[in-house]
$ cat query.cif   # mmCIF, C-alpha atoms
data_input
loop_
_atom_site.label_atom_id
_atom_site.label_comp_id
_atom_site.auth_asym_id
_atom_site.auth_seq_id
_atom_site.Cartn_x
_atom_site.Cartn_y
_atom_site.Cartn_z
CA MET A 24 173.63 11.67 109.16
CA THR A 25 169.90 12.16 109.42
CA GLN A 26 168.50 14.71 111.83
CA LYS A 27 167.62 11.91 114.25
CA GLU A 28 171.13 10.45 114.11
CA VAL A 29 172.63 13.85 114.82
CA LEU A 30 170.42 14.25 117.86
CA GLN A 31 171.34 10.75 119.08
CA GLU A 32 175.00 11.61 118.75
CA TYR A 33 174.53 14.89 120.58
CA LEU A 34 172.57 13.25 123.41
CA LEU A 35 175.30 10.63 123.85
CA ARG A 36 177.89 13.41 124.15
CA LEU A 37 175.93 15.11 126.91
CA ALA A 38 175.23 11.80 128.65
CA ASP A 39 178.78 10.45 128.37
CA SER A 40 180.42 13.63 129.70
CA ASP A 41 178.05 13.63 132.69
CA MET A 42 178.58 9.92 133.29
CA ILE A 43 182.37 9.85 133.04
CA LEU A 44 182.81 12.92 135.25
CA GLY A 45 180.37 11.40 137.74
CA GLN A 46 182.42 8.20 137.77
CA ARG A 47 185.68 10.13 138.13
CA LEU A 48 184.37 12.09 141.09
CA SER A 49 183.07 8.90 142.69
CA GLU A 50 186.65 7.66 142.87
CA LEU A 51 187.12 10.19 145.69
CA THR A 52 184.66 8.35 147.93
CA GLY A 53 186.50 7.84 151.20
CA LYS A 54 189.52 9.78 149.94
CA ALA A 55 188.47 13.44 149.67
CA PRO A 56 190.67 15.90 151.59
CA ALA A 57 187.89 16.85 154.05
CA VAL A 58 184.53 15.40 154.99
CA GLU A 59 182.66 18.48 153.68
CA GLU A 60 184.44 18.05 150.35
CA GLU A 61 183.59 14.39 150.30
CA LEU A 62 179.89 15.21 150.71
CA ALA A 63 180.07 17.87 148.06
CA VAL A 64 181.94 15.76 145.53
CA MET A 65 179.58 12.82 145.98
CA ASN A 66 176.55 15.07 145.57
CA VAL A 67 177.92 16.58 142.37
CA ALA A 68 178.65 13.06 141.09
CA LEU A 69 175.10 12.01 141.97
CA ASP A 70 173.60 14.97 140.10
CA LEU A 71 175.73 14.20 137.05
CA VAL A 72 174.86 10.50 136.97
CA GLY A 73 171.16 11.40 137.37
CA GLN A 74 171.37 13.84 134.47
CA ALA A 75 173.26 11.24 132.42
CA ARG A 76 170.43 8.79 132.97
CA ASN A 77 167.88 11.29 131.69
CA TRP A 78 169.93 11.88 128.53
CA TYR A 79 170.62 8.15 128.03
CA GLU A 80 166.95 7.25 128.38
CA TYR A 81 166.05 9.69 125.62
CA ALA A 82 168.98 8.52 123.46
CA ALA A 83 167.95 4.87 123.96
CA GLU A 84 164.42 5.65 122.77
CA LEU A 85 165.74 7.24 119.59
CA ILE A 86 168.37 4.56 118.95
CA ASN A 87 165.62 2.00 119.54
CA ASP A 88 167.73 -1.15 119.14
CA GLY A 89 166.77 -2.79 122.41
CA ARG A 90 169.51 -1.16 124.49
CA ASP A 91 168.43 0.74 127.59
CA ALA A 92 170.39 3.35 129.60
CA ASP A 93 172.30 0.68 131.53
CA LYS A 94 173.39 -1.13 128.37
CA LEU A 95 174.56 2.12 126.80
CA VAL A 96 176.69 2.82 129.86
CA PHE A 97 178.04 -0.63 130.59
CA LEU A 98 178.37 -2.29 127.19
CA ARG A 99 180.03 0.30 124.98
CA ASP A 100 183.80 0.45 124.50
CA ALA A 101 186.01 3.52 124.71
CA HIS A 102 185.82 4.33 120.97
CA GLU A 103 182.03 4.44 121.25
CA TYR A 104 182.12 6.95 124.12
CA ARG A 105 181.54 10.58 123.13
CA ASN A 106 182.57 12.43 126.29
CA LEU A 107 184.86 15.45 126.38
CA LEU A 108 188.52 14.59 127.02
CA MET A 109 188.52 17.01 129.96
CA VAL A 110 186.24 14.84 132.12
CA GLU A 111 188.30 11.65 131.78
CA GLN A 112 191.48 13.28 133.10
CA PRO A 113 192.60 11.87 136.47
CA ASN A 114 191.66 13.49 139.78
CA ASP A 115 195.33 14.01 140.61
CA ASP A 116 195.99 16.94 143.03
CA TYR A 117 192.75 18.39 144.46
CA ALA A 118 193.54 21.62 142.63
CA VAL A 119 193.41 19.62 139.39
CA THR A 120 190.07 18.08 140.41
CA MET A 121 188.63 21.56 141.05
CA ALA A 122 190.15 23.18 137.94
CA ARG A 123 188.72 20.36 135.80
CA GLN A 124 185.34 20.84 137.51
CA PHE A 125 185.43 24.60 136.97
CA PHE A 126 186.27 24.42 133.25
CA PHE A 127 183.56 21.79 132.79
CA ASP A 128 180.98 23.59 134.95
CA VAL A 129 181.28 26.83 132.99
CA TRP A 130 180.73 24.90 129.73
CA HIS A 131 177.95 22.83 131.28
CA TYR A 132 176.12 25.81 132.75
CA PHE A 133 176.02 27.83 129.51
CA THR A 134 175.22 24.77 127.42
CA LEU A 135 172.28 23.77 129.63
CA LYS A 136 171.06 27.35 129.89
CA SER A 137 170.78 27.38 126.13
CA LEU A 138 169.25 23.89 125.91
CA VAL A 139 166.40 25.04 128.17
CA ASN A 140 165.10 26.84 125.06
CA ALA A 141 165.63 23.91 122.69
CA SER A 142 162.96 23.32 120.05
CA ASP A 143 162.99 19.66 121.13
CA GLU A 144 160.67 19.53 124.14
CA ARG A 145 162.29 16.53 125.80
CA VAL A 146 165.74 18.14 125.61
CA ALA A 147 164.37 21.38 127.06
CA THR A 148 162.69 19.47 129.90
CA ILE A 149 165.83 17.57 130.94
CA ALA A 150 167.95 20.72 130.67
CA ALA A 151 165.55 22.79 132.79
CA LYS A 152 166.04 20.31 135.61
CA ALA A 153 169.80 19.96 135.13
CA VAL A 154 170.62 23.67 134.86
CA LYS A 155 169.55 24.27 138.45
CA GLU A 156 172.02 21.64 139.61
CA ALA A 157 174.79 22.85 137.29
CA THR A 158 174.36 26.36 138.72
CA TYR A 159 175.22 25.04 142.18
CA HIS A 160 178.18 23.11 140.81
CA LEU A 161 179.54 26.25 139.17
CA ARG A 162 179.05 28.34 142.30
CA ARG A 163 181.10 25.85 144.26
CA SER A 164 183.91 25.23 141.76
CA SER A 165 184.36 28.93 140.98
CA GLU A 166 184.60 29.67 144.72
CA TRP A 167 187.30 27.04 145.09
CA VAL A 168 189.26 28.43 142.15
CA LYS A 169 189.14 31.90 143.74
CA ARG A 170 189.98 30.64 147.20
CA MET A 171 192.98 28.64 146.02
CA GLY A 172 194.18 31.22 143.50
CA ASP A 173 193.91 34.12 145.92
CA GLY A 174 194.96 32.01 148.90
CA THR A 175 198.43 31.03 150.02
CA GLU A 176 201.53 30.89 147.86
CA GLU A 177 201.25 27.10 147.88
CA SER A 178 197.55 26.98 146.92
CA HIS A 179 198.13 29.59 144.20
CA ARG A 180 200.98 27.58 142.70
CA ARG A 181 198.95 24.40 142.68
CA ILE A 182 195.79 25.80 141.08
CA GLN A 183 197.90 27.70 138.52
CA ASP A 184 199.72 24.43 137.70
CA ALA A 185 196.32 22.75 137.34
CA PHE A 186 195.13 25.50 134.95
CA ASN A 187 198.29 25.06 132.89
CA LEU A 188 197.97 21.26 132.87
CA LEU A 189 194.32 21.19 131.79
CA TRP A 190 194.27 24.15 129.42
CA ARG A 191 195.05 21.84 126.47
CA PHE A 192 191.65 20.15 126.93
CA THR A 193 189.56 23.34 127.05
CA GLY A 194 189.54 23.87 123.28
CA GLU A 195 187.30 20.86 122.77
CA LEU A 196 184.60 22.40 124.98
CA ILE A 197 184.14 25.39 122.72
CA THR A 198 185.25 24.22 119.27
CA PRO A 199 182.15 23.17 117.34
CA ASP A 200 182.12 20.31 114.84
CA GLU A 201 179.44 19.36 112.30
CA VAL A 202 177.18 17.87 115.00
CA ASP A 203 177.30 21.06 117.08
CA HIS A 204 176.57 23.18 114.01
CA ALA A 205 173.70 20.91 112.95
CA MET A 206 172.18 21.00 116.43
CA PHE A 207 172.35 24.80 116.47
CA LYS A 208 170.69 24.97 113.06
CA ALA A 209 167.94 22.64 114.29
CA GLY A 210 167.18 25.06 117.12
CA ILE A 211 168.37 22.60 119.76
CA GLY A 212 172.05 23.16 120.58
CA PRO A 213 173.64 26.43 121.70
CA ASP A 214 175.06 29.00 119.28
CA PRO A 215 178.72 27.84 119.12
CA GLU A 216 180.03 31.40 118.85
CA GLN A 217 177.96 32.59 121.81
CA LEU A 218 179.00 29.58 123.90
CA LYS A 219 182.64 30.32 123.22
CA GLN A 220 182.23 33.98 124.22
CA ASP A 221 180.31 33.09 127.38
CA TRP A 222 182.84 30.43 128.37
CA PHE A 223 185.84 32.72 127.94
CA GLY A 224 184.00 35.59 129.61
CA MET A 225 183.34 33.70 132.81
CA VAL A 226 186.66 31.82 132.90
CA ARG A 227 188.59 35.09 132.49
CA GLU A 228 186.44 36.89 135.07
CA VAL A 229 186.92 34.21 137.72
CA ALA A 230 190.61 33.77 136.87
CA ALA A 231 191.16 37.52 137.29
CA GLN A 232 189.53 37.47 140.73
CA ALA A 233 191.65 34.43 141.57
CA THR A 234 194.83 36.20 140.35
CA LEU A 235 195.40 33.34 137.89
CA THR A 236 196.69 33.37 134.34
CA VAL A 237 194.76 31.53 131.65
CA GLY A 238 196.29 30.05 128.50
CA GLU A 239 196.13 31.40 124.97
CA GLU A 240 192.94 31.02 122.99
CA ASP A 241 194.87 29.66 120.02
CA ALA A 242 197.05 27.28 122.04
CA TRP A 243 197.38 23.77 120.64
CA MET A 244 194.43 21.71 121.85
CA TYR A 245 193.73 18.01 122.28
CA MET A 246 190.43 17.10 120.66
CA GLY A 247 188.65 13.98 119.51
CA GLY A 248 186.62 12.87 122.53
CA LYS A 249 183.40 13.85 120.78
CA ARG A 250 184.38 11.50 117.92
CA GLY A 251 185.44 8.62 120.17
CA GLU A 252 189.19 9.28 120.07
CA HIS A 253 190.18 9.32 123.71
CA THR A 254 193.19 9.67 125.97
CA GLU A 255 194.47 6.46 127.56
CA HIS A 256 192.56 7.25 130.77
CA LEU A 257 189.07 6.40 129.50
CA GLY A 258 189.83 2.68 129.04
CA HIS A 259 190.88 2.43 132.67
CA ILE A 260 187.73 4.19 133.86
CA LEU A 261 185.56 1.82 131.83
CA ALA A 262 187.48 -1.22 133.08
CA VAL A 263 186.48 -0.33 136.64
CA MET A 264 183.01 0.95 135.84
CA GLN A 265 181.97 -1.88 133.51
CA PHE A 266 183.56 -4.90 135.16
CA LEU A 267 180.56 -6.13 137.14
CA PRO A 268 177.87 -5.95 134.43
CA ARG A 269 180.28 -7.50 131.90
CA ALA A 270 181.29 -10.31 134.27
CA TYR A 271 177.68 -10.99 135.27
CA PRO A 272 175.58 -10.05 132.26
CA ASP A 273 171.87 -9.62 132.82
CA ALA A 274 172.26 -9.78 136.59
CA THR A 275 169.36 -7.87 138.06
CA THR A 276 170.54 -7.63 141.66
CA TRP A 277 174.05 -6.51 142.49
CA MET B 7 154.23 1.08 153.63
CA THR B 8 152.91 4.30 155.00
CA GLU B 9 150.50 4.42 157.91
CA HIS B 10 147.27 6.31 157.58
CA GLU B 11 144.09 6.57 159.59
CA PRO B 12 141.36 4.17 158.51
CA SER B 13 138.08 5.84 157.64
CA SER B 14 134.65 4.61 156.71
CA VAL B 15 135.56 4.18 153.05
CA ASP B 16 138.97 2.92 153.79
CA VAL B 17 139.12 -0.12 156.02
CA LEU B 18 141.86 -2.65 155.48
CA ILE B 19 142.13 -6.30 156.27
CA ALA B 20 145.68 -6.32 157.53
CA SER B 21 146.57 -9.89 156.58
CA ASP B 22 146.54 -9.48 152.82
CA ARG B 23 145.69 -5.84 152.36
CA VAL B 24 142.58 -6.70 150.38
CA PRO B 25 140.46 -3.63 151.01
CA ALA B 26 136.98 -3.76 152.39
CA ASN B 27 136.47 -0.67 150.32
CA ALA B 28 135.09 -2.19 147.13
CA ARG B 29 134.67 1.08 145.27
CA PRO B 30 137.97 2.95 145.71
CA GLU B 31 137.15 5.06 142.66
CA LEU B 32 134.60 6.77 144.85
CA LEU B 33 137.40 8.31 146.89
CA THR B 34 137.34 12.00 146.19
CA GLU B 35 140.45 13.83 145.05
CA ASP B 36 140.54 15.54 148.43
CA ALA B 37 140.58 12.13 150.11
CA ILE B 38 143.49 11.03 147.88
CA TRP B 39 145.41 14.21 148.69
CA ALA B 40 144.81 13.50 152.39
CA LEU B 41 146.24 9.99 151.93
CA LEU B 42 149.25 11.39 150.06
CA ASP B 43 149.85 13.87 152.86
CA LYS B 44 150.59 10.87 155.10
CA VAL B 45 153.36 9.60 152.82
CA LEU B 46 156.60 10.91 154.28
CA ASP B 47 159.77 11.70 152.39
CA PRO B 48 162.13 8.80 153.22
CA GLU B 49 165.19 11.07 153.46
CA VAL B 50 163.50 13.91 155.32
CA PRO B 51 160.78 12.07 157.27
CA ALA B 52 159.61 15.34 158.85
CA VAL B 53 157.63 16.32 155.76
CA SER B 54 155.14 14.59 153.49
CA VAL B 55 155.47 14.33 149.73
CA VAL B 56 152.63 16.85 149.47
CA GLU B 57 154.32 19.36 151.78
CA LEU B 58 157.54 18.93 149.80
CA GLY B 59 155.63 19.89 146.67
CA ILE B 60 156.67 16.88 144.59
CA VAL B 61 153.15 15.57 143.95
CA ARG B 62 152.07 17.72 141.02
CA ASP B 63 148.68 16.36 139.99
CA LEU B 64 146.27 13.48 140.23
CA SER B 65 143.42 12.38 138.03
CA TRP B 66 140.77 9.67 137.82
CA ASP B 67 140.06 8.04 134.49
CA GLY B 68 137.13 5.77 135.25
CA ALA B 69 138.48 3.51 137.99
CA HIS B 70 142.08 4.29 137.12
CA LEU B 71 144.13 6.71 139.20
CA THR B 72 147.17 8.57 137.83
CA ILE B 73 149.48 10.60 140.08
CA ASP B 74 152.14 12.93 138.69
CA VAL B 75 155.30 13.07 140.78
CA THR B 76 158.43 15.12 140.07
CA PRO B 77 161.91 14.34 141.45
CA THR B 78 163.69 16.97 143.53
CA TYR B 79 167.06 16.42 141.80
CA SER B 80 167.96 14.54 138.60
CA GLY B 81 169.98 12.03 140.59
CA CYS B 82 167.82 11.85 143.71
CA PRO B 83 168.31 8.23 144.83
CA ALA B 84 164.96 8.28 146.64
CA THR B 85 162.95 8.87 143.44
CA GLU B 86 161.99 5.21 142.87
CA LEU B 87 161.38 4.61 146.58
CA ILE B 88 159.07 7.62 146.86
CA GLU B 89 157.10 6.46 143.82
CA GLU B 90 156.80 3.00 145.38
CA LEU B 91 155.71 4.43 148.76
CA ILE B 92 153.01 6.47 147.04
CA ALA B 93 151.79 3.48 145.02
CA GLU B 94 151.78 1.36 148.17
CA ALA B 95 149.70 3.92 150.07
CA MET B 96 147.19 3.97 147.21
CA ARG B 97 147.01 0.17 147.05
CA ALA B 98 146.48 0.10 150.80
CA ALA B 99 143.44 2.30 150.23
CA GLY B 100 142.11 -0.26 147.79
CA ILE B 101 143.12 1.48 144.58
CA ARG B 102 144.18 -1.08 141.99
CA ASP B 103 147.23 -0.42 139.80
CA PRO B 104 147.77 3.23 140.62
CA GLN B 105 149.79 4.83 137.83
CA ILE B 106 152.71 6.93 139.10
CA ASN B 107 153.85 9.23 136.34
CA ARG B 108 157.32 10.79 136.60
CA VAL B 109 157.27 14.34 135.25
CA LEU B 110 160.34 16.59 134.86
CA THR B 111 158.64 19.74 133.71
CA PRO B 112 158.15 22.23 135.19
CA ALA B 113 161.26 21.44 137.21
CA TRP B 114 160.75 21.18 140.96
CA THR B 115 161.58 24.28 142.96
CA THR B 116 161.84 24.77 146.71
CA ASP B 117 159.24 27.54 146.26
CA TRP B 118 156.70 24.66 146.18
CA ILE B 119 157.44 23.57 149.75
CA THR B 120 154.34 24.52 151.74
CA GLU B 121 154.40 26.86 154.74
CA GLU B 122 153.49 23.93 156.94
CA GLY B 123 156.33 21.94 155.39
CA ARG B 124 158.79 24.73 156.14
CA GLU B 125 157.75 24.86 159.78
CA LYS B 126 158.10 21.09 160.08
CA LEU B 127 161.57 21.21 158.55
CA ARG B 128 162.63 23.86 161.05
CA ALA B 129 161.23 21.85 163.96
CA PHE B 130 163.13 18.83 162.62
CA GLY B 131 166.41 20.81 162.75
CA ILE B 132 166.70 21.62 159.03
CA ALA B 133 166.72 25.29 158.04
CA PRO B 134 164.07 25.77 155.30
CA PRO B 135 165.02 27.46 152.01
CA GLU B 136 165.38 31.25 152.22
CA GLY B 137 164.05 33.60 149.59
CA SER B 138 162.81 32.77 146.12
CA ALA B 139 164.57 30.36 143.75
CA SER B 140 163.95 32.64 140.78
CA LYS B 141 165.78 35.55 142.39
CA MET B 142 168.94 33.66 143.34
CA SER B 143 172.03 35.06 141.66
CA LEU B 144 174.66 32.84 140.06
CA LEU B 145 177.81 34.05 141.76
CA GLY B 146 176.29 36.54 144.16
CA ALA B 147 176.32 36.76 147.93
CA ASP B 148 174.69 34.05 150.02
CA GLU B 149 171.42 34.46 151.84
CA VAL B 150 171.56 34.83 155.62
CA ILE B 151 170.46 31.49 157.06
CA ALA B 152 168.99 31.37 160.56
CA CYS B 153 169.96 28.52 162.86
CA PRO B 154 166.92 26.19 163.18
CA LEU B 155 167.94 25.35 166.76
CA CYS B 156 168.54 28.72 168.46
CA GLY B 157 167.33 31.15 165.80
CA SER B 158 170.61 33.05 165.55
CA THR B 159 171.49 34.53 162.16
CA HIS B 160 175.15 34.40 163.10
CA THR B 161 175.89 31.31 160.98
CA GLU B 162 178.42 30.20 158.39
CA ARG B 163 178.34 27.78 155.50
CA LEU B 164 180.63 24.76 155.82
CA SER B 165 179.83 23.22 152.45
CA GLU B 166 177.60 23.95 149.47
CA PHE B 167 176.41 20.34 149.81
CA GLY B 168 175.15 18.47 152.86
CA SER B 169 173.96 14.99 153.72
CA THR B 170 171.78 14.81 150.61
CA ALA B 171 171.82 16.63 147.27
CA CYS B 172 169.01 18.95 148.38
CA LYS B 173 170.85 20.27 151.44
CA ALA B 174 173.89 22.40 152.32
CA LEU B 175 175.89 22.16 155.52
CA TYR B 176 175.96 25.12 157.92
CA ARG B 177 177.21 25.86 161.42
CA CYS B 178 175.75 28.19 164.02
CA LEU B 179 178.42 30.48 165.48
CA ASP B 180 176.36 31.14 168.61
CA CYS B 181 175.07 27.73 169.75
CA ARG B 182 177.92 26.03 167.83
CA GLU B 183 175.65 23.34 166.40
CA PRO B 184 176.08 22.23 162.78
CA PHE B 185 172.83 22.01 160.81
CA ASP B 186 171.46 21.19 157.37
CA TYR B 187 170.03 23.93 155.19
CA PHE B 188 167.46 22.98 152.56
CA LYS B 189 168.96 24.65 149.47
CA CYS B 190 166.93 27.08 147.48
CA ILE B 191 166.65 25.88 143.88
#

$ encode --input "query.cif" --output "structure tokens"
Amino acid sequence: MTQKEVLQEYLLRLADSDMILGQRLSELTGKAPAVEEELAVMNVALDLVGQARNWYEYAAELINDGRDADKLVFLRDAHEYRNLLMVEQPNDDYAVTMARQFFFDVWHYFTLKSLVNASDERVATIAAKAVKEATYHLRRSSEWVKRMGDGTEESHRRIQDAFNLLWRFTGELITPDEVDHAMFKAGIGPDPEQLKQDWFGMVREVAAQATLTVGEEDAWMYMGGKRGEHTEHLGHILAVMQFLPRAYPDATTW
Amino acid sequence: MTEHEPSSVDVLIASDRVPANARPELLTEDAIWALLDKVLDPEVPAVSVVELGIVRDLSWDGAHLTIDVTPTYSGCPATELIEELIAEAMRAAGIRDPQINRVLTPAWTTDWITEEGREKLRAFGIAPPEGSASKMSLLGADEVIACPLCGSTHTERLSEFGSTACKALYRCLDCREPFDYFKCI
């Protein structure tokens, strides 16, 4: 891959993870456990979709084949999506929704914090905006993890179950592949080793305060999302998300 | 479109908005800023886009006006509408094809909300951001937020997020009213 192709690939990963998690959270519209949570979840989803658009617009300029941000979102199939497997997992119990958010937010926060200093000016610009939003997301999700973990017996059991269920998808967040290494070398992406340390540091710190147990670092992990190999859930998300633009191509008013 | 006071250089023919002002490029930058200060934020109509600090710059290039605007949040759904409202206000003043330039850097911060803007927010029932965005800690304690209605500092946060992305939801424990807090970012 050329340097430009690596950057395209990396931008699509950032965009797709934001987009798919935004779509997942949007499924809770009208169904969140409390009205305050509904507002919060929708706002987080809105931030993520907005960030996704910024990444997609840059990716579309580099790809330069006539596709814009909308076409990248609505007209690619599951194997072309580059999101982390974590974000496509179902909302399930609200403890699962919050555990998924927490694991993602910690990764997102440290990744964006590093991208603020990227040698690529456009990347740095988008990240500088997004990191402020991601900071709020992390504040909220870490508070929920602590509140549930250090709450009642029931809430503790459920968030611990959620940690156990989702642990198998955490490895992908912090295991670099050739694209991650190339982006680091180019002065754009975060130092993979540093990211891993930061991620574990914060996850362990919050888990300790929440009286929760985290999995082993060398546990068996599901990976492949970054290469387009997804769990069965992504196809269902895309079926819902892409139906309208595929059924009515080139419609300009919904 | 946004209302503004007509002035000697700025008289409109209401029917088709063709301006009587034939030389809009003669409007000074101060006059443009004054026009912009009449454009209200559609989601928080208590403050103007200038008071909110999202208009970053403006420049004349011959007869061509460019205005730099920055969104509050990446996903702010009002971004396009605000840009259109600004363009509309400029066209109403007789400026042809105003260029609205969306800039992301430096990222918007609540530190840019003017003092006047903060007072207007409070009067509108929204607690203005407390403290400085740069000094906010990641997982630290929350700022004490005063109730915009009764002034009590005996308040609690209900949710990190409120009716829009830029606000959090609080409740006053003295007057018992819920209120929005404009988050510090």

$ residues_around --input "query.cif" --residues "Leu161 in chain A" --least-positions-apart "2" --cutoff "10 Å" --atoms "all atoms listed in the file" --output "list of chain:residue names"
A:Gln124, A:Phe125, A:Phe126, A:Phe127, A:Asp128, A:Val129, A:Trp130, A:His131, A:Tyr132, A:Glu156, A:Ala157, A:Thr158, A:Tyr159, A:Arg163, A:Ser164, A:Ser165, A:Glu166, A:Trp167, B:Leu144, B:Leu145

$ atom_distance --input "query.cif" --atom1 "CA of His160 in chain A" --atom2 "CA of Glu166 in chain B"
8.7 Å

$ closest_atom_pairs --input "query.cif" --of "chain A" --to "chain B" --cutoff "8 Å" --atoms "all atoms listed in the file" --output "CSV"
residue,atom,partner,partner_atom,distance
A:Glu59,CA,B:Ser165,CA,5.7
A:Glu60,CA,B:Ser165,CA,7.2
A:Leu62,CA,B:Gly168,CA,6.1
A:Ala63,CA,B:Phe167,CA,4.7
A:Asn66,CA,B:Ala171,CA,5.3
A:Val67,CA,B:Ala171,CA,7.8
A:Leu69,CA,B:Gly81,CA,5.3
A:Asp70,CA,B:Gly81,CA,4.7
A:Leu71,CA,B:Gly81,CA,7.1
A:Val72,CA,B:Gly81,CA,6.3
A:Gly73,CA,B:Gly81,CA,3.5
A:Gln74,CA,B:Ser80,CA,5.4
A:Asn77,CA,B:Ser80,CA,7.6
A:Thr148,CA,B:Thr111,CA,5.6
A:Ile149,CA,B:Leu110,CA,6.8
A:Ala151,CA,B:Ala113,CA,6.3
A:Lys152,CA,B:Ala113,CA,5.2
A:Ala153,CA,B:Ser80,CA,6.7
A:Lys155,CA,B:Ile191,CA,6.4
A:Glu156,CA,B:Tyr79,CA,7.5
A:Thr158,CA,B:Leu144,CA,6.6
A:Tyr159,CA,B:Glu166,CA,7.7
A:Arg162,CA,B:Leu145,CA,5.9
A:Arg163,CA,B:Glu166,CA,6.6

$ residues_around --input "query.cif" --residues "Glu94 in chain B" --least-positions-apart "3" --cutoff "10 Å" --atoms "all atoms listed in the file" --output "ChimeraX atom specification"
/B:7-8,45,88-91,97-101,103-104

$ atom_distance --input "query.cif" --atom1 "CA of Pro48 in chain B" --atom2 "CA of Ile60 in chain B"
13.0 Å

$ resolve_selection --input "query.cif" --expression "the PyMOL selection byres ((chain B and resi 59) around 10)" --output "PyMOL selection string"
chain B and resi 53-58+60-62+75-78+114-120+123

$ resolve_selection --input "query.cif" --expression "the PyMOL selection byres ((chain A and resi 181-185) around 10)" --output "ChimeraX atom specification"
/A:115-123,167-173,175-180,186-190,230,233-237

$ resolve_selection --input "query.cif" --expression "the PyMOL selection byres ((chain A and resi 191-201) around 7)" --output "PDB file with C-alpha atoms, keeping the file's coordinate frame"
ATOM      1  CA  LEU A 107     184.860  15.450 126.380  1.00  0.00           C
ATOM      2  CA  LEU A 108     188.520  14.590 127.020  1.00  0.00           C
ATOM      3  CA  MET A 109     188.520  17.010 129.960  1.00  0.00           C
ATOM      4  CA  TRP A 130     180.730  24.900 129.730  1.00  0.00           C
ATOM      5  CA  LEU A 189     194.320  21.190 131.790  1.00  0.00           C
ATOM      6  CA  TRP A 190     194.270  24.150 129.420  1.00  0.00           C
ATOM      7  CA  VAL A 202     177.180  17.870 115.000  1.00  0.00           C
ATOM      8  CA  ASP A 203     177.300  21.060 117.080  1.00  0.00           C
ATOM      9  CA  HIS A 204     176.570  23.180 114.010  1.00  0.00           C
ATOM     10  CA  ALA A 205     173.700  20.910 112.950  1.00  0.00           C
ATOM     11  CA  PRO A 215     178.720  27.840 119.120  1.00  0.00           C
ATOM     12  CA  LEU A 218     179.000  29.580 123.900  1.00  0.00           C
ATOM     13  CA  LYS A 219     182.640  30.320 123.220  1.00  0.00           C
ATOM     14  CA  TRP A 243     197.380  23.770 120.640  1.00  0.00           C
ATOM     15  CA  MET A 244     194.430  21.710 121.850  1.00  0.00           C
ATOM     16  CA  TYR A 245     193.730  18.010 122.280  1.00  0.00           C
ATOM     17  CA  MET A 246     190.430  17.100 120.660  1.00  0.00           C
TER      18      MET A 246
END

$ atom_distance --input "query.cif" --atom1 "CA of Asp214 in chain A" --atom2 "CA of Arg99 in chain A"
29.7 Å

$ residues_around --input "query.cif" --residues "Arg250 in chain A" --least-positions-apart "5" --cutoff "9 Å" --atoms "all atoms listed in the file" --output "list of chain:residue names"
A:His102, A:Glu103, A:Tyr104, A:Arg105, A:Asn106

$ residues_near_point --input "query.cif" --point "(175.1, 18.4, 118.3)" --cutoff "10 Å" --atoms "all atoms listed in the file" --output "list in words"
Gln26, Glu28, Val29, Leu30, Gln31, Glu32, Tyr33, Leu34, Leu35, Arg36, Leu37, Pro199, Asp200, Glu201, Val202, Asp203, His204, Ala205, Met206, Phe207, Lys208, Ala209, Ile211, Gly212, Pro213 and Lys249 of chain A

$ residues_around --input "query.cif" --residues "Glu255 in chain A" --least-positions-apart "6" --cutoff "12 Å" --atoms "only C-alpha atoms" --output "JSON, numbers by chain"
{"A": [101, 102, 108, 111, 112, 113, 248, 261, 262]}

$ closest_residue --input "query.cif" --among "A:Ala38, A:Val110, A:Leu135, A:Leu51" --to "His253 in chain A" --atoms "all atoms listed in the file"
A:Val110

$ axis_aligned_box --input "query.cif" --around "range 39-57 of chain B" --padding-each-side "5 Å" --output "lines of an AutoDock Vina configuration file"
center_x = 155.0
center_y = 14.1
center_z = 153.8
size_x = 30.4
size_y = 20.6
size_z = 20.2

$ decode --input "query.cif" --residues "range 111-118 of chain B" --atoms "N, CA and C atoms" --output "mmCIF file, in the first residue's frame"
data_model
loop_
_atom_site.group_PDB
_atom_site.id
_atom_site.type_symbol
_atom_site.label_atom_id
_atom_site.label_comp_id
_atom_site.auth_asym_id
_atom_site.auth_seq_id
_atom_site.Cartn_x
_atom_site.Cartn_y
_atom_site.Cartn_z
ATOM 1 N N THR B 111 -10.466 24.424 13.087
ATOM 2 C CA THR B 111 -9.343 24.707 13.962
ATOM 3 C C THR B 111 -9.113 26.207 14.084
ATOM 4 N N PRO B 112 -8.813 26.743 15.261
ATOM 5 C CA PRO B 112 -8.824 26.024 16.536
ATOM 6 C C PRO B 112 -10.250 25.652 16.926
ATOM 7 N N ALA B 113 -10.378 24.501 17.602
ATOM 8 C CA ALA B 113 -11.695 23.995 17.960
ATOM 9 C C ALA B 113 -12.405 24.958 18.904
ATOM 10 N N TRP B 114 -13.695 25.111 18.674
ATOM 11 C CA TRP B 114 -14.518 26.018 19.492
ATOM 12 C C TRP B 114 -14.426 25.654 20.973
ATOM 13 N N THR B 115 -14.377 26.650 21.803
ATOM 14 C CA THR B 115 -14.400 26.431 23.248
ATOM 15 C C THR B 115 -15.409 27.403 23.861
ATOM 16 N N THR B 116 -16.027 26.969 24.965
ATOM 17 C CA THR B 116 -16.999 27.837 25.631
ATOM 18 C C THR B 116 -16.330 29.083 26.205
ATOM 19 N N ASP B 117 -14.977 29.067 26.287
ATOM 20 C CA ASP B 117 -14.269 30.268 26.746
ATOM 21 C C ASP B 117 -14.534 31.451 25.811
ATOM 22 N N TRP B 118 -14.972 31.162 24.559
ATOM 23 C CA TRP B 118 -15.208 32.230 23.579
ATOM 24 C C TRP B 118 -16.592 32.859 23.707
#
